[in-house]
Structure formats: structure tokens, C-alpha cells
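Chemist: What follows is a single structure, and I will ask about it in a moment.
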Amino acid sequence: MEVASASAEPGRTWNSPHWTADDIGPDFAPMLDAMRVFHHRLAGARLPDDLTEEMRGIFERLGERLLEHQVPEERQIAGRIDIPGRGQLLVPNYELDAVEPDFLAGRLTYGRHFLGRNGAVYGGAIPLLFDSVLGRLANGPGRPASRTAYLHVDYRSITPIETELRFTAEVARQEGRKRFIRGTLSHGGTLCADVDALFLVLRPHQR
Ligand SMILES: CCCCCCCCCCCCCCCC(=O)SCCNC(=O)CCNC(=O)[C@H](O)C(C)(C)COP(=O)(O)OP(=O)(O)OC[C@H]1O[C@@H](n2cnc3c(N)ncnc32)[C@H](O)[C@@H]1OP(=O)(O)O
């Protein structure tokens with residue numbers, strides 16, 4: 001597998017995608033999509049014992065097979081490819097509708113996997129989204145690598161699962177190494193959560 005040209009593109013920085021869709025083969029992204037669906041259905045299921053036992057066997061066998069394919073971090077695919085979800089299952093998948101140098105907007109639906117209680121998204125899954133979206137803006141093309149110093153999230157109203165939500169992120173200001181970025185998450189006209197974040201441009205010895 002070769003390092004794709006994206007990683008060498010001027011302005012690409014820390015956490016740039018390293019791989020192209022060609023590197024991962026035609027089944028990788030659909031396999032992850034199937035896994036996402038599986039996560040949501042598992043979270044929503046009450047399983048009979050025989051199915052639980054069958055699944056345990058399948059997962060143990062697949063886990064064994066994955067052992068021989070473990071690679072160092074710089075060669076892994078998860079989180080390092082510019083496909084929806086960036087090839088990982090941690091952060092909920094989202095679609096970007098607007099990508100500007102200082103602004104991003106998009107949509108996502110949190111599935112059942114992200115349920116807290118009473119139809120509401122688990123609170124911790126919201127900063128996870130904000131870190132990913134705001135981090136993407138903070139580390140966009142032409143910007144040297146930066147790392148999250150803080151994410152201040154305010155929960156303004158319940159965030160429903162299985163409902164299309166909209167998010168925004170914008171660079172509020174830059175002061176030296178400090179990038180202040182804010183974002184919102186909303187449902188229809190209702191603000192669910194907002195965030196103020198500080199990203200610090202890394203010094204040469206930091207990575
Ligand atoms: C086609 C397009 C594809 C694009 C595709 C790109 C996809 C790409 C997606 C990536 C999306 C993932 C993005 C995840 C990003 C993370 O999640 S990073 C992981 C989480 N963050 C960390 O682990 C950070 C841990 N902390 C650290 O490493 C260090 O504390 C930091 C943040 C680097 C700062 O350390 P430092 O450089 O030594 O900072 P220091 O000199 O002490 O302070 C500098 C200034 O900042 C201030 N400061 C520092 N920390 C703080 C703080 N917490 N609060 C307030 N002020 C602070 C200081 O007071 C100081 O202020 P001044 O005195 O200068 O006014």
C-alpha cells in the first residue's frame with residue numbers, strides 16, 4: 001500500500017488523510033457501513049441466548065483473523081482516509097454541505113448506538129462530534145497542525161437520536177498560536193448544543 005499524494009500536498013498537516021479510496025479496496029467503506037448498521041441494531045436488540053452465543057463465536061473468530069493484520073499507527077486506515085466517517089467507527093458519520101476556509105456546515109443523524117436515555121443522544125457523543133468537526137476546520141488545508149486545548153460544550157436542549165441534525169463550525173478568531181472556534185448543533189429551529197473551543201498550533205517539538 002502506497003502513501004497517497006494527499007499526504008504530500010502543500011498545506012496538508014497533522015491528521016491529513018493518508019490514503020485514497022483506491023488503497024482500501026471496494027469493500028472497506030461498505031463493510032464499515034454494515035458495521036454501523038450492526039451497532040445500531042445491536043444497541044436496540046434484546047437477543048435470545050442462541051443468537052448471542054452464535055455472535056460471540058463469529059466475533060471471536062473474526063477478532064483472531066484481524067490479529068495478523070495489525071499495523072503501526074502510521075499505516076492504519078481508521079481515521080486517516082477522506083471518505084464519509086474517515087474510515088473509523090468512533091465518531092458518528094456526518095455529511096458536509098459547506099466547506100469554506102473559516103466555516104463548515106453539515107448534517108448527521110445519531111443512530112441507536114448513541115442513545116443515552118429517553119430518546120436523547122448520550123451527552124459525551126456530542127463533544128466527540130464537535131472535536132471532529134471543529135478539529136477538521138482547525139487543521140484544514142493551509143493551516144499548520146493544532147490540537148484541542150479545550151472544548152466548552154453547553155447542552156441547550158435534548159438532542160434526539162434518529163433525527164437529522166445540523167451543525168456549523170466557524171473560526172471565531174486567531175491570536176498567535178490560538179485558534180478560537182465555535183460551533184452549533186441543532187434540530188429544526190432548536191439549538192441542541194453549542195461549543196467554544198480553543199485549538200493551539202503545535203510548536204515544532206510537539207506532535
Ligand atoms: C478534503 C479535506 C480533508 C480534511 C481532513 C482533515 C481531517 C482532520 C480531522 C481531525 C479532527 C480531529 C481533531 C482532534 C484533535 C484532538 O482531539 S487533539 C487531542 C486532544 N488534545 C490534547 O491531547 C492536547 C493535550 N495538551 C497539549 O498537548 C498541550 O497542553 C497543548 C494544547 C499543545 C498546549 O501546550 P503548549 O503548547 O505548551 O501551550 P502553552 O505554551 O502552555 O500555552 C500557550 C497559550 O495557550 C494557553 N492555553 C494552553 N492550554 C490552554 C487551555 N486548556 N485553556 C486555555 N488556555 C490554554 C496558555 O495559557 C498560553 O496562553 P498565553 O500565555 O500565550 O496567552
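Going by the C-alpha cells order, chains are called A, B, ..., each with residues numbered from 1, while ligands are numbered from 1 in the order shown.
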Show me which residues sit within 9 Å of ligand 1 when counting only C-alpha atoms and all ligand atoms, and put them as an MDAnalysis selection string.
Modeler: chainID A and resid 6 12:17 79:83 86 99 128 130:141 146:151 175:178 197:203 206:207
Chemist: Mind checking DSSP for range 31-176 of chain A and telling me the strand (DSSP E) residues as JSON, numbers by chain?
Modeler: {"A": [94, 95, 96, 97, 98, 99, 100, 103, 104, 105, 106, 107, 108, 109, 146, 147, 148, 149, 150, 151, 152, 153, 154, 155, 164, 165, 166, 167, 168, 169, 170, 171, 172, 173, 174, 175]}
Chemist: Atoms to include: N, CA, C and O atoms. Write the selected residues as a short mmCIF file (atom, residue, chain, number, x, y, z; two decimals), in the first residue's frame.
Modeler:
data_model
loop_
_atom_site.label_atom_id
_atom_site.label_comp_id
_atom_site.auth_asym_id
_atom_site.auth_seq_id
_atom_site.Cartn_x
_atom_site.Cartn_y
_atom_site.Cartn_z
N TYR A 94 -20.90 11.89 9.41
CA TYR A 94 -21.61 13.12 9.05
C TYR A 94 -21.33 13.50 7.60
O TYR A 94 -20.34 13.07 7.02
N GLU A 95 -22.25 14.31 7.07
CA GLU A 95 -22.11 14.83 5.69
C GLU A 95 -21.79 16.31 5.78
O GLU A 95 -22.42 17.02 6.56
N LEU A 96 -20.84 16.77 4.97
CA LEU A 96 -20.54 18.20 4.93
C LEU A 96 -21.29 18.84 3.77
O LEU A 96 -21.23 18.35 2.64
N ASP A 97 -21.98 19.93 4.04
CA ASP A 97 -22.72 20.65 3.00
C ASP A 97 -21.99 21.91 2.56
O ASP A 97 -22.19 22.39 1.45
N ALA A 98 -21.21 22.50 3.47
CA ALA A 98 -20.46 23.73 3.15
C ALA A 98 -19.07 23.60 3.73
O ALA A 98 -18.92 23.27 4.91
N VAL A 99 -18.08 23.83 2.89
CA VAL A 99 -16.69 23.76 3.33
C VAL A 99 -16.00 25.02 2.84
O VAL A 99 -15.75 25.18 1.65
N GLU A 100 -15.78 25.94 3.76
CA GLU A 100 -15.08 27.18 3.43
C GLU A 100 -13.86 27.28 4.34
O GLU A 100 -13.78 26.56 5.34
N PHE A 103 -15.27 28.19 7.75
CA PHE A 103 -16.64 27.78 8.10
C PHE A 103 -16.94 26.40 7.54
O PHE A 103 -16.55 26.08 6.40
N LEU A 104 -17.60 25.60 8.33
CA LEU A 104 -18.10 24.30 7.86
C LEU A 104 -19.56 24.17 8.29
O LEU A 104 -19.95 24.66 9.36
N ALA A 105 -20.36 23.48 7.50
CA ALA A 105 -21.73 23.15 7.91
C ALA A 105 -22.04 21.76 7.39
O ALA A 105 -21.52 21.36 6.34
N GLY A 106 -22.88 21.06 8.12
CA GLY A 106 -23.23 19.71 7.68
C GLY A 106 -24.38 19.13 8.46
O GLY A 106 -25.05 19.83 9.24
N ARG A 107 -24.60 17.85 8.20
CA ARG A 107 -25.74 17.13 8.78
C ARG A 107 -25.29 15.78 9.31
O ARG A 107 -24.36 15.18 8.75
N LEU A 108 -26.01 15.32 10.31
CA LEU A 108 -25.81 13.94 10.76
C LEU A 108 -27.06 13.47 11.48
O LEU A 108 -27.90 14.27 11.90
N THR A 109 -27.15 12.14 11.60
CA THR A 109 -28.20 11.51 12.39
C THR A 109 -27.52 10.55 13.36
O THR A 109 -26.77 9.67 12.91
N SER A 146 -2.77 21.72 14.69
CA SER A 146 -3.15 22.24 16.00
C SER A 146 -3.85 21.13 16.77
O SER A 146 -4.32 20.15 16.18
N ARG A 147 -3.90 21.32 18.08
CA ARG A 147 -4.51 20.30 18.94
C ARG A 147 -5.53 20.97 19.86
O ARG A 147 -5.35 22.13 20.23
N THR A 148 -6.54 20.22 20.20
CA THR A 148 -7.60 20.75 21.07
C THR A 148 -7.03 21.05 22.45
O THR A 148 -6.52 20.15 23.13
N ALA A 149 -7.14 22.30 22.90
CA ALA A 149 -6.76 22.65 24.28
C ALA A 149 -8.00 22.55 25.17
O ALA A 149 -7.93 22.06 26.29
N TYR A 150 -9.12 23.07 24.69
CA TYR A 150 -10.39 22.84 25.42
C TYR A 150 -11.56 22.85 24.46
O TYR A 150 -11.51 23.43 23.37
N LEU A 151 -12.62 22.20 24.93
CA LEU A 151 -13.92 22.22 24.24
C LEU A 151 -14.93 22.54 25.34
O LEU A 151 -15.13 21.74 26.25
N HIS A 152 -15.54 23.70 25.27
CA HIS A 152 -16.56 24.05 26.26
C HIS A 152 -17.93 23.85 25.60
O HIS A 152 -18.31 24.61 24.71
N VAL A 153 -18.62 22.80 26.03
CA VAL A 153 -19.91 22.46 25.40
C VAL A 153 -21.05 22.82 26.35
O VAL A 153 -21.02 22.48 27.53
N ASP A 154 -22.04 23.53 25.83
CA ASP A 154 -23.27 23.79 26.58
C ASP A 154 -24.40 23.01 25.93
O ASP A 154 -24.61 23.11 24.72
N TYR A 155 -25.12 22.26 26.74
CA TYR A 155 -26.26 21.47 26.26
C TYR A 155 -27.50 22.33 26.46
O TYR A 155 -27.90 22.62 27.58
N GLU A 164 -32.56 13.90 11.83
CA GLU A 164 -31.49 14.65 11.17
C GLU A 164 -31.19 15.95 11.92
O GLU A 164 -32.10 16.72 12.23
N LEU A 165 -29.91 16.14 12.21
CA LEU A 165 -29.44 17.33 12.92
C LEU A 165 -28.52 18.11 11.99
O LEU A 165 -27.93 17.54 11.06
N ARG A 166 -28.38 19.38 12.29
CA ARG A 166 -27.46 20.22 11.51
C ARG A 166 -26.39 20.78 12.43
O ARG A 166 -26.69 21.09 13.58
N PHE A 167 -25.19 20.90 11.89
CA PHE A 167 -24.12 21.51 12.68
C PHE A 167 -23.41 22.58 11.88
O PHE A 167 -23.45 22.57 10.64
N THR A 168 -22.81 23.50 12.62
CA THR A 168 -21.94 24.51 11.99
C THR A 168 -20.66 24.61 12.81
O THR A 168 -20.64 24.26 13.99
N ALA A 169 -19.62 25.09 12.17
CA ALA A 169 -18.38 25.39 12.88
C ALA A 169 -17.76 26.59 12.20
O ALA A 169 -17.78 26.68 10.96
N GLU A 170 -17.25 27.53 12.98
CA GLU A 170 -16.60 28.69 12.36
C GLU A 170 -15.43 29.16 13.20
O GLU A 170 -15.45 29.05 14.43
N VAL A 171 -14.42 29.64 12.49
CA VAL A 171 -13.27 30.22 13.18
C VAL A 171 -13.71 31.57 13.71
O VAL A 171 -14.10 32.46 12.94
N ALA A 172 -13.70 31.73 15.03
CA ALA A 172 -14.13 32.99 15.63
C ALA A 172 -13.00 34.01 15.56
O ALA A 172 -13.21 35.16 15.19
N ARG A 173 -11.80 33.58 15.93
CA ARG A 173 -10.64 34.47 15.82
C ARG A 173 -9.37 33.68 16.00
O ARG A 173 -9.39 32.56 16.50
N GLN A 174 -8.27 34.30 15.59
CA GLN A 174 -6.94 33.69 15.74
C GLN A 174 -6.07 34.70 16.44
O GLN A 174 -6.02 35.87 16.06
N GLU A 175 -5.40 34.26 17.52
CA GLU A 175 -4.47 35.13 18.25
C GLU A 175 -3.17 34.37 18.40
O GLU A 175 -3.07 33.48 19.24
#
Chemist: Between A:Arg41, A:Arg75, A:Arg182, A:His18, which has the minimum distance to Leu115 in chain A (counting only C-alpha atoms)?
Modeler: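 Using only C-alpha atoms, Leu115 in chain A sits closest to A:Arg41.
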Chemist: If you run DSSP on this backbone, which residues of range 38-128 of chain A come out as alpha helix (DSSP H), and could you give them as a list in words?
Modeler: Phe38, His39, His40, Arg41, Leu42, Ala43, Asp49, Asp50, Leu51, Thr52, Glu53, Glu54, Met55, Arg56, Gly57, Ile58, Phe59, Glu60, Arg61, Leu62, Gly63, Glu64, Arg65, Leu66, Leu67, Ala125, Ile126, Pro127 and Leu128 of chain A
Chemist: How many Å lie between CA of Asp196 in chain A and CA of Gly183 in chain A, rounded to one decimal?
Modeler: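 It comes out at 6.7 Å.
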Chemist: Rounded to one decimal in Å, what is the spacing between CA of Pro48 in chain A and CA of Gly111 in chain A?
Modeler: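 It comes out at 22.5 Å.
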Chemist: As an exercise, work out the distance from CA of Phe28 in chain A to CA of Leu51 in chain A in Å and give it to one decimal place.
Modeler: 25.6 Å
Chemist: Please list as number ranges by chain every residue within 9 Å of Gly119 in chain A, counting only C-alpha atoms and excluding residues in the same chain fewer than 2 positions away.
Modeler: A: 112, 115-117, 121, 158-162
Chemist: Would you mind telling me which residue in A:Ser186, A:Leu89, A:Asp102, A:Thr52 lies nearest to Gly142 in chain A when using only C-alpha atoms?
Modeler: A:Asp102
Chemist: Pick the closest to Arg36 in chain A from A:Pro101, A:Gly85, A:Pro72, A:Gly63: which is it, counting only C-alpha atoms?
Modeler: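 The shortest atom-to-atom distance to Arg36 in chain A comes from A:Gly85.
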